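*Asks:* Provided herewith: my_file.tsv, TSV, C-alpha atoms.
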```tsv
chain	number	residue	atom	x	y	z
A	1	MET	CA	-17.71	-40.09	-19.73
A	2	SER	CA	-19.63	-41.01	-16.55
A	3	GLY	CA	-18.36	-40.10	-13.06
A	4	SER	CA	-17.82	-43.79	-12.18
A	5	ASP	CA	-15.79	-44.41	-15.35
A	6	GLY	CA	-13.60	-41.36	-14.63
A	7	ASP	CA	-13.03	-42.43	-11.03
A	8	GLY	CA	-12.15	-45.93	-12.10
A	9	ALA	CA	-9.63	-44.71	-14.67
A	10	VAL	CA	-7.91	-42.50	-12.13
A	11	ALA	CA	-7.95	-45.13	-9.40
A	12	SER	CA	-6.34	-47.66	-11.72
A	13	ALA	CA	-3.38	-45.35	-12.40
A	14	ASP	CA	-1.71	-45.33	-9.00
A	15	GLY	CA	-4.34	-44.80	-6.34
A	16	ALA	CA	-2.77	-41.57	-5.11
A	17	THR	CA	-5.43	-39.39	-3.51
A	18	ALA	CA	-3.82	-36.08	-4.52
A	19	ALA	CA	-3.46	-37.14	-8.12
A	20	THR	CA	-7.08	-38.33	-8.15
A	21	ASP	CA	-8.34	-34.97	-6.91
A	22	GLU	CA	-6.27	-33.03	-9.42
A	23	THR	CA	-7.34	-35.24	-12.32
A	24	ARG	CA	-10.99	-34.64	-11.42
A	25	ALA	CA	-10.36	-30.90	-11.18
A	26	ALA	CA	-8.65	-30.89	-14.58
A	27	THR	CA	-11.58	-32.36	-16.51
A	28	ASP	CA	-13.95	-30.27	-18.55
A	29	GLY	CA	-17.09	-32.30	-17.77
A	30	ARG	CA	-16.84	-34.33	-20.99
A	31	GLY	CA	-13.64	-36.28	-20.64
A	32	PRO	CA	-9.99	-36.13	-19.74
A	33	VAL	CA	-7.89	-32.99	-19.97
A	34	GLY	CA	-7.16	-31.99	-23.52
A	35	SER	CA	-9.89	-34.08	-25.17
A	36	GLY	CA	-11.20	-31.79	-27.88
A	37	ASN	CA	-9.81	-28.64	-26.26
A	38	SER	CA	-8.16	-25.86	-28.24
A	39	PHE	CA	-4.67	-24.64	-27.34
A	40	PHE	CA	-6.15	-21.89	-25.17
A	41	GLY	CA	-8.60	-24.37	-23.67
A	42	ASP	CA	-5.67	-26.53	-22.57
A	43	VAL	CA	-3.91	-23.45	-21.19
A	44	TRP	CA	-7.01	-22.53	-19.19
A	45	VAL	CA	-7.41	-26.05	-17.77
A	46	ASN	CA	-3.79	-26.08	-16.62
A	47	PHE	CA	-4.10	-22.56	-15.22
A	48	LYS	CA	-7.06	-23.64	-13.08
A	49	ARG	CA	-5.43	-26.88	-11.98
A	50	TRP	CA	-2.22	-25.25	-10.76
A	51	ASN	CA	-4.09	-22.51	-8.92
A	52	LEU	CA	-6.27	-25.14	-7.28
A	53	LYS	CA	-3.15	-27.04	-6.27
A	54	ALA	CA	-1.67	-23.87	-4.74
A	55	VAL	CA	-4.83	-23.23	-2.72
A	56	ARG	CA	-4.68	-26.76	-1.35
A	57	ASN	CA	-1.05	-26.31	-0.31
A	58	PRO	CA	-0.72	-22.68	0.87
A	59	PHE	CA	2.46	-23.48	2.84
A	60	VAL	CA	4.63	-23.13	-0.29
A	61	LEU	CA	3.11	-19.74	-1.10
A	62	VAL	CA	3.62	-18.48	2.44
A	63	VAL	CA	7.26	-19.62	2.56
A	64	SER	CA	8.10	-17.95	-0.76
A	65	LEU	CA	6.64	-14.67	0.58
A	66	VAL	CA	7.85	-14.74	4.19
A	67	GLN	CA	11.57	-14.81	3.37
A	68	PRO	CA	11.47	-11.61	1.23
A	69	ILE	CA	9.36	-9.90	3.92
A	70	ILE	CA	11.99	-10.76	6.52
A	71	PHE	CA	14.68	-9.34	4.23
A	72	LEU	CA	12.68	-6.14	3.70
A	73	VAL	CA	12.10	-5.54	7.40
A	74	LEU	CA	15.60	-6.56	8.57
A	75	PHE	CA	17.52	-4.68	5.90
A	76	THR	CA	15.56	-1.45	6.38
A	77	GLU	CA	15.69	-1.59	10.19
A	78	VAL	CA	19.20	-2.99	10.69
A	79	PHE	CA	21.17	-1.69	7.69
A	80	GLY	CA	19.05	1.27	6.63
A	81	THR	CA	21.13	3.96	8.36
A	82	VAL	CA	24.49	2.59	7.19
A	83	ALA	CA	23.39	1.68	3.67
A	84	GLY	CA	21.45	4.94	3.26
A	85	GLY	CA	24.69	6.91	2.88
A	86	ALA	CA	25.93	4.69	0.05
A	87	VAL	CA	22.53	4.84	-1.63
A	88	ASN	CA	22.44	8.63	-1.55
A	89	GLN	CA	25.84	8.75	-3.22
A	90	GLY	CA	24.51	6.60	-6.06
A	91	ILE	CA	20.93	7.96	-6.23
A	92	PRO	CA	20.67	11.24	-4.30
A	93	GLY	CA	17.47	12.10	-2.49
A	94	ILE	CA	15.86	8.72	-1.84
A	95	SER	CA	15.47	6.65	1.31
A	96	TYR	CA	16.87	3.15	1.68
A	97	GLU	CA	13.31	1.83	1.95
A	98	THR	CA	12.54	3.26	-1.50
A	99	TYR	CA	15.80	1.87	-2.86
A	100	LEU	CA	15.18	-1.60	-1.40
A	101	VAL	CA	11.57	-2.31	-2.36
A	102	PRO	CA	12.30	-3.05	-6.07
A	103	ALA	CA	15.03	-5.48	-5.00
A	104	ILE	CA	12.66	-7.32	-2.67
A	105	ALA	CA	10.03	-7.42	-5.43
A	106	VAL	CA	12.56	-9.18	-7.65
A	107	GLN	CA	13.50	-11.49	-4.75
A	108	VAL	CA	9.83	-12.46	-4.40
A	109	ALA	CA	9.74	-13.31	-8.10
A	110	LEU	CA	12.90	-15.38	-7.72
A	111	ALA	CA	11.73	-17.27	-4.62
A	112	ALA	CA	8.29	-17.98	-6.08
A	113	ALA	CA	9.80	-19.18	-9.36
A	114	ILE	CA	11.81	-21.79	-7.46
A	115	THR	CA	8.58	-23.44	-6.26
A	116	SER	CA	7.53	-23.91	-9.90
A	117	GLY	CA	10.02	-26.71	-10.51
A	118	VAL	CA	9.27	-28.24	-7.11
A	119	GLY	CA	5.59	-28.44	-8.06
A	120	LEU	CA	6.45	-30.20	-11.31
A	121	VAL	CA	8.63	-32.73	-9.49
A	122	ASN	CA	5.75	-33.35	-7.10
A	123	ASP	CA	3.53	-34.07	-10.12
A	124	ILE	CA	6.15	-36.49	-11.45
A	125	GLU	CA	6.46	-38.30	-8.11
A	126	ASN	CA	2.73	-38.74	-7.50
A	127	GLY	CA	2.03	-39.89	-11.07
A	128	MET	CA	0.01	-36.87	-12.20
A	129	PHE	CA	2.60	-35.78	-14.77
A	130	GLU	CA	2.46	-39.21	-16.42
A	131	LYS	CA	-1.33	-38.89	-16.72
A	132	VAL	CA	-0.94	-35.51	-18.42
A	133	LEU	CA	1.61	-36.92	-20.87
A	134	VAL	CA	-0.75	-39.65	-22.11
A	135	THR	CA	-3.57	-37.20	-22.85
A	136	PRO	CA	-3.86	-35.41	-26.22
A	137	MET	CA	-3.08	-32.12	-24.49
A	138	ASN	CA	-0.69	-29.72	-26.26
A	139	ARG	CA	2.66	-29.86	-24.42
A	140	THR	CA	3.33	-26.15	-24.90
A	141	ALA	CA	-0.11	-25.39	-23.46
A	142	VAL	CA	0.80	-27.45	-20.39
A	143	PHE	CA	3.82	-25.23	-19.73
A	144	VAL	CA	2.05	-21.98	-20.61
A	145	GLY	CA	-0.94	-22.74	-18.36
A	146	LYS	CA	1.27	-23.74	-15.46
A	147	THR	CA	3.43	-20.63	-15.91
A	148	ALA	CA	0.36	-18.37	-16.14
A	149	ALA	CA	-0.88	-19.66	-12.79
A	150	GLU	CA	2.50	-19.01	-11.19
A	151	VAL	CA	2.75	-15.55	-12.76
A	152	PHE	CA	-0.66	-14.66	-11.29
A	153	ARG	CA	0.52	-15.63	-7.80
A	154	ILE	CA	3.82	-13.78	-8.25
A	155	ALA	CA	1.96	-10.61	-9.25
A	156	VAL	CA	-0.14	-10.77	-6.08
A	157	GLN	CA	2.96	-11.35	-3.93
A	158	ILE	CA	4.86	-8.42	-5.47
A	159	ALA	CA	1.85	-6.15	-4.87
A	160	ILE	CA	1.90	-7.22	-1.20
A	161	ILE	CA	5.61	-6.37	-0.94
A	162	ILE	CA	5.10	-2.93	-2.49
A	163	GLY	CA	2.26	-2.23	-0.07
A	164	LEU	CA	4.38	-3.31	2.90
A	165	GLY	CA	7.30	-1.23	1.64
A	166	VAL	CA	5.10	1.88	1.43
A	167	ALA	CA	3.91	1.19	4.99
A	168	LEU	CA	7.57	1.11	6.10
A	169	GLY	CA	8.29	4.48	4.48
A	170	ALA	CA	9.09	3.71	0.83
A	171	GLU	CA	7.76	6.07	-1.85
A	172	VAL	CA	6.62	5.08	-5.32
A	173	VAL	CA	7.38	8.37	-7.04
A	174	SER	CA	5.67	7.35	-10.28
A	175	GLY	CA	2.42	6.45	-8.49
A	176	VAL	CA	-0.01	3.77	-9.65
A	177	VAL	CA	1.65	3.54	-13.07
A	178	GLY	CA	4.94	2.78	-11.31
A	179	VAL	CA	3.33	0.07	-9.17
A	180	VAL	CA	1.87	-1.63	-12.24
A	181	GLY	CA	5.22	-1.32	-14.01
A	182	ILE	CA	7.16	-2.83	-11.09
A	183	VAL	CA	4.75	-5.77	-10.98
A	184	ALA	CA	5.17	-6.23	-14.75
A	185	VAL	CA	8.98	-6.15	-14.50
A	186	GLY	CA	8.82	-8.66	-11.63
A	187	ILE	CA	6.70	-10.98	-13.76
A	188	LEU	CA	9.04	-10.61	-16.73
A	189	PHE	CA	11.99	-11.36	-14.47
A	190	SER	CA	10.30	-14.45	-12.97
A	191	LEU	CA	9.66	-16.13	-16.33
A	192	TRP	CA	13.28	-17.08	-17.04
A	193	PHE	CA	13.70	-18.62	-13.59
A	194	VAL	CA	10.33	-20.40	-13.80
A	195	ALA	CA	11.59	-21.95	-17.05
A	196	PHE	CA	14.94	-22.78	-15.45
A	197	SER	CA	13.40	-24.50	-12.41
A	198	ASN	CA	11.00	-26.51	-14.62
A	199	ALA	CA	13.86	-27.56	-16.89
A	200	LEU	CA	15.82	-28.59	-13.78
A	201	ALA	CA	12.82	-30.61	-12.58
A	202	LEU	CA	12.54	-32.41	-15.92
A	203	LEU	CA	16.26	-33.17	-15.96
A	204	THR	CA	16.63	-34.34	-12.34
A	205	ARG	CA	13.09	-35.64	-11.63
A	206	ASP	CA	14.05	-35.33	-7.99
A	207	GLN	CA	12.63	-32.82	-5.51
A	208	GLU	CA	15.79	-32.43	-3.42
A	209	SER	CA	18.01	-31.88	-6.45
A	210	THR	CA	15.61	-29.31	-7.89
A	211	ILE	CA	15.39	-27.37	-4.61
A	212	ILE	CA	19.15	-27.44	-4.06
A	213	GLY	CA	19.97	-26.52	-7.66
A	214	ALA	CA	17.57	-23.57	-7.72
A	215	ASN	CA	18.43	-22.29	-4.24
A	216	LEU	CA	22.12	-22.56	-5.01
A	217	LEU	CA	21.68	-19.70	-7.49
A	218	GLN	CA	19.24	-17.53	-5.55
A	219	PHE	CA	21.51	-15.80	-3.03
A	220	PRO	CA	24.60	-15.34	-5.25
A	221	LEU	CA	22.36	-13.76	-7.88
A	222	LEU	CA	20.82	-11.41	-5.32
A	223	PHE	CA	23.96	-10.33	-3.49
A	224	LEU	CA	26.21	-10.08	-6.56
A	225	SER	CA	24.01	-7.40	-8.09
A	226	SER	CA	22.75	-3.88	-7.47
A	227	ALA	CA	19.90	-5.23	-5.33
A	228	PHE	CA	21.02	-4.09	-1.88
A	229	LEU	CA	23.72	-1.49	-2.61
A	230	PRO	CA	24.68	0.66	-5.61
A	231	LEU	CA	27.33	-0.97	-7.79
A	232	GLY	CA	29.74	1.89	-7.10
A	233	ALA	CA	29.86	0.87	-3.43
A	234	LEU	CA	30.76	-2.75	-4.24
A	235	PRO	CA	34.13	-4.38	-5.00
A	236	GLY	CA	35.30	-4.38	-8.61
A	237	TRP	CA	34.84	-8.13	-9.15
A	238	ILE	CA	31.23	-7.92	-7.97
A	239	GLN	CA	30.61	-5.02	-10.36
A	240	THR	CA	31.96	-7.16	-13.21
A	241	PHE	CA	29.72	-10.10	-12.27
A	242	ALA	CA	26.71	-7.81	-11.83
A	243	ARG	CA	26.95	-6.66	-15.45
A	244	PHE	CA	26.07	-10.21	-16.54
A	245	ASN	CA	23.58	-10.88	-13.73
A	246	PRO	CA	19.86	-10.87	-14.70
A	247	VAL	CA	18.97	-9.61	-11.21
A	248	THR	CA	20.79	-6.33	-11.90
A	249	TYR	CA	18.70	-5.71	-15.01
A	250	GLY	CA	15.44	-6.59	-13.26
A	251	VAL	CA	16.20	-4.52	-10.15
A	252	ASP	CA	17.45	-1.47	-12.06
A	253	ALA	CA	14.41	-1.49	-14.36
A	254	ALA	CA	12.02	-1.80	-11.39
A	255	ARG	CA	13.97	0.83	-9.44
A	256	SER	CA	13.78	3.28	-12.36
A	257	LEU	CA	10.01	2.93	-12.21
A	258	MET	CA	10.05	3.31	-8.43
A	259	VAL	CA	11.96	6.61	-8.41
A	260	ASP	CA	10.71	7.79	-11.84
A	261	ARG	CA	14.16	8.38	-13.36
A	262	ASP	CA	16.87	6.46	-15.17
A	263	VAL	CA	18.97	4.55	-12.62
A	264	MET	CA	20.17	1.73	-14.89
A	265	THR	CA	23.76	1.06	-13.83
A	266	VAL	CA	25.04	-1.39	-16.46
A	267	ILE	CA	23.71	-0.10	-19.80
A	268	ASP	CA	23.65	3.58	-20.67
A	269	VAL	CA	21.04	4.50	-23.29
A	270	SER	CA	19.31	7.76	-24.17
A	271	TRP	CA	16.75	6.59	-26.71
A	272	PHE	CA	13.61	7.69	-24.86
A	273	GLY	CA	14.70	10.20	-22.27
A	274	GLY	CA	13.99	9.89	-18.56
A	275	THR	CA	12.60	6.80	-16.86
A	276	LEU	CA	12.27	4.64	-19.95
A	277	ASP	CA	16.04	4.80	-20.52
A	278	GLY	CA	16.38	2.82	-17.29
A	279	VAL	CA	13.50	0.45	-17.99
A	280	ALA	CA	13.95	-0.47	-21.67
A	281	PRO	CA	17.42	-2.11	-21.46
A	282	GLY	CA	16.37	-4.27	-18.52
A	283	VAL	CA	13.14	-5.31	-20.22
A	284	ALA	CA	15.00	-6.18	-23.43
A	285	VAL	CA	17.59	-8.33	-21.63
A	286	LEU	CA	14.98	-10.14	-19.53
A	287	ALA	CA	12.70	-10.76	-22.53
A	288	GLY	CA	15.60	-12.35	-24.44
A	289	LEU	CA	16.44	-14.55	-21.45
A	290	ASP	CA	12.77	-15.56	-21.08
A	291	LEU	CA	12.57	-16.64	-24.71
A	292	LEU	CA	15.80	-18.61	-24.50
A	293	LEU	CA	15.08	-20.54	-21.30
A	294	GLY	CA	11.37	-20.81	-22.06
A	295	GLY	CA	12.27	-22.51	-25.34
A	296	VAL	CA	14.55	-24.93	-23.49
A	297	ALA	CA	11.79	-25.81	-20.99
A	298	VAL	CA	9.19	-26.37	-23.71
A	299	TYR	CA	11.69	-28.49	-25.68
A	300	LEU	CA	12.38	-30.71	-22.67
A	301	LEU	CA	8.67	-31.01	-21.98
A	302	SER	CA	7.92	-31.90	-25.60
A	303	ARG	CA	10.52	-34.69	-25.48
A	304	ALA	CA	9.23	-36.13	-22.20
A	305	SER	CA	7.31	-39.38	-22.41
A	306	SER	CA	5.41	-41.40	-19.87
A	307	SER	CA	8.24	-43.96	-19.73
A	308	ASP	CA	10.66	-41.18	-18.73
A	309	VAL	CA	8.82	-40.37	-15.53
A	310	LYS	CA	8.01	-43.85	-14.24
```
What do you get writing this file as structure tokens?
*Replies:*
Amino acid sequence: MSGSDGDGAVASADGATAATDETRAATDGRGPVGSGNSFFGDVWVNFKRWNLKAVRNPFVLVVSLVQPIIFLVLFTEVFGTVAGGAVNQGIPGISYETYLVPAIAVQVALAAAITSGVGLVNDIENGMFEKVLVTPMNRTAVFVGKTAAEVFRIAVQIAIIIGLGVALGAEVVSGVVGVVGIVAVGILFSLWFVAFSNALALLTRDQESTIIGANLLQFPLLFLSSAFLPLGALPGWIQTFARFNPVTYGVDAARSLMVDRDVMTVIDVSWFGGTLDGVAPGVAVLAGLDLLLGGVAVYLLSRASSSDVK
């Protein structure tokens, strides 16, 4: 396909400049996205397109990182002394900074996952999603490539938070292995909410509704968990809710890696001994949730048609 033919095809769709740029970026030099590509080829094209889109709009990335940084600094400086006593009752011998960093890592994953659905709604509104739907691209590859791009950015953001936490006085007892593990748990945690926000985007097809729906869950999930205080220091009804809250499983798994011991508060296992007893239950719960909501998102995407998004 010649450059003039490609430009004419894109211009005839809706004339939107952003959509035109992204369509050009998502070609492989021979034709539209998905023409003759394998499944992994389609994944790679989508991975590149969504990363390119993020680079062109860094504001969203900055916002999803700034809020957790503010929480990290404010909570350690303002509440560190008071909360430190409760933390030492639950997990003796660690600072509040060390206790808090895994929670903020999970918060980063949560905040960044919210932007995933917003990006999809933006694609729907500017006509780019409709263009993708009429190509022969594999629908599952569309979701996997988009998610892979977001996971890459989430991993970078979590690494930044861990580095900032160490600068503020936190200690990763398990060293580099612990850092890699915390990033991995954060990614695993983010996948279910990425799927949820994309499913919400496909159901509402409205940016405001997607933002409100996703944000409505963010703070209750964070505060009704073991993120900021040990469960033993919280009211009974919060402890009950926390046992069914994915944030608790993600935070406790990441925190076990941070302090290099089993600190899982909602499931007591002794299969492995030591740190893995705190990590394995959280990983198992999050993996199950990822598969469930990921399947829902892929199902909704597979049923979408170009007429649905006009």
*Asks:* Which one is closest to Ala287 (chain A): A:Ser190, A:Ser225, A:Thr275, A:Gln207? Count all atoms listed in the file.
*Replies:*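 Ranked by minimum distance to Ala287 (chain A), first place goes to A:Ser190.
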*Asks:* In Å, rounded to a single decimal, give me how far CA of Gly288 (chain A) is from CA of Arg153 (chain A).
*Replies:*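 Separating CA of Arg153 (chain A) from CA of Gly288 (chain A) is a distance of 22.7 Å.
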*Asks:* Find the residue from A:Ala195, A:Ile162, A:Leu72, A:Val263 that sits nearest to Ala148 (chain A); use all atoms listed in the file when measuring.
*Replies:* A:Ala195
*Asks:* Show me, as a list in words, the residues that have an atom within 10 Å of Tyr249 (chain A) when counting all atoms listed in the file, minus same-chain residues fewer than 5 positions from it.
*Replies:*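 Near Tyr249 (chain A), the qualifying residues are Val185, Phe189, Ser225, Ser226, Ala227, Ala242, Arg243, Phe244, Ala254, Arg255, Met264, Thr265, Val266, Ile267, Gly278, Val279, Ala280, Pro281, Gly282, Val283, Ala284, Val285 and Leu286 of chain A.
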*Asks:* Which residues, written as number ranges by chain, have at least one atom at most 7 Å from Gly186 (chain A), with only C-alpha atoms counted and residues fewer than 6 positions away on the same chain left out?
*Replies:* A: 105-106, 109
*Asks:* For Ile212 (chain A), list every protein, DNA or RNA residue within 12 Å, evaluated using only C-alpha atoms, and leave out those in the same chain fewer than 5 positions away; present the list as a VMD selection string.
*Replies:* chain A and resid 114 to 115 117 to 118 197 200 to 201 204 206 to 207 217 to 219
*Asks:* Out of A:Ala214, A:Val73, A:Ile238, A:Leu191, which residue has the shortest atom-to-atom distance to Val144 (chain A) when counting all atoms listed in the file?
*Replies:* A:Leu191
*Asks:* Return as CSV the residues of region 144-204 of chain A lying at most 12 Å from region 49-63 of chain A, together with the closest atom-to-atom pair for each and the distance in Å to one decimal, counting all atoms listed in the file, with rows in chain order and ascending residue number.
*Replies:*
```
residue,atom,partner,partner_atom,distance
A:Val144,CA,A:Trp50,CA,11.2
A:Gly145,CA,A:Trp50,CA,8.1
A:Lys146,CA,A:Trp50,CA,6.0
A:Thr147,CA,A:Trp50,CA,8.9
A:Ala148,CA,A:Trp50,CA,9.1
A:Ala149,CA,A:Asn51,CA,5.8
A:Glu150,CA,A:Asn51,CA,7.8
A:Val151,CA,A:Asn51,CA,10.5
A:Phe152,CA,A:Asn51,CA,8.9
A:Arg153,CA,A:Leu61,CA,8.3
A:Ile154,CA,A:Leu61,CA,9.3
A:Val156,CA,A:Leu61,CA,10.8
A:Gln157,CA,A:Leu61,CA,8.9
A:Ile160,CA,A:Val62,CA,12.0
```
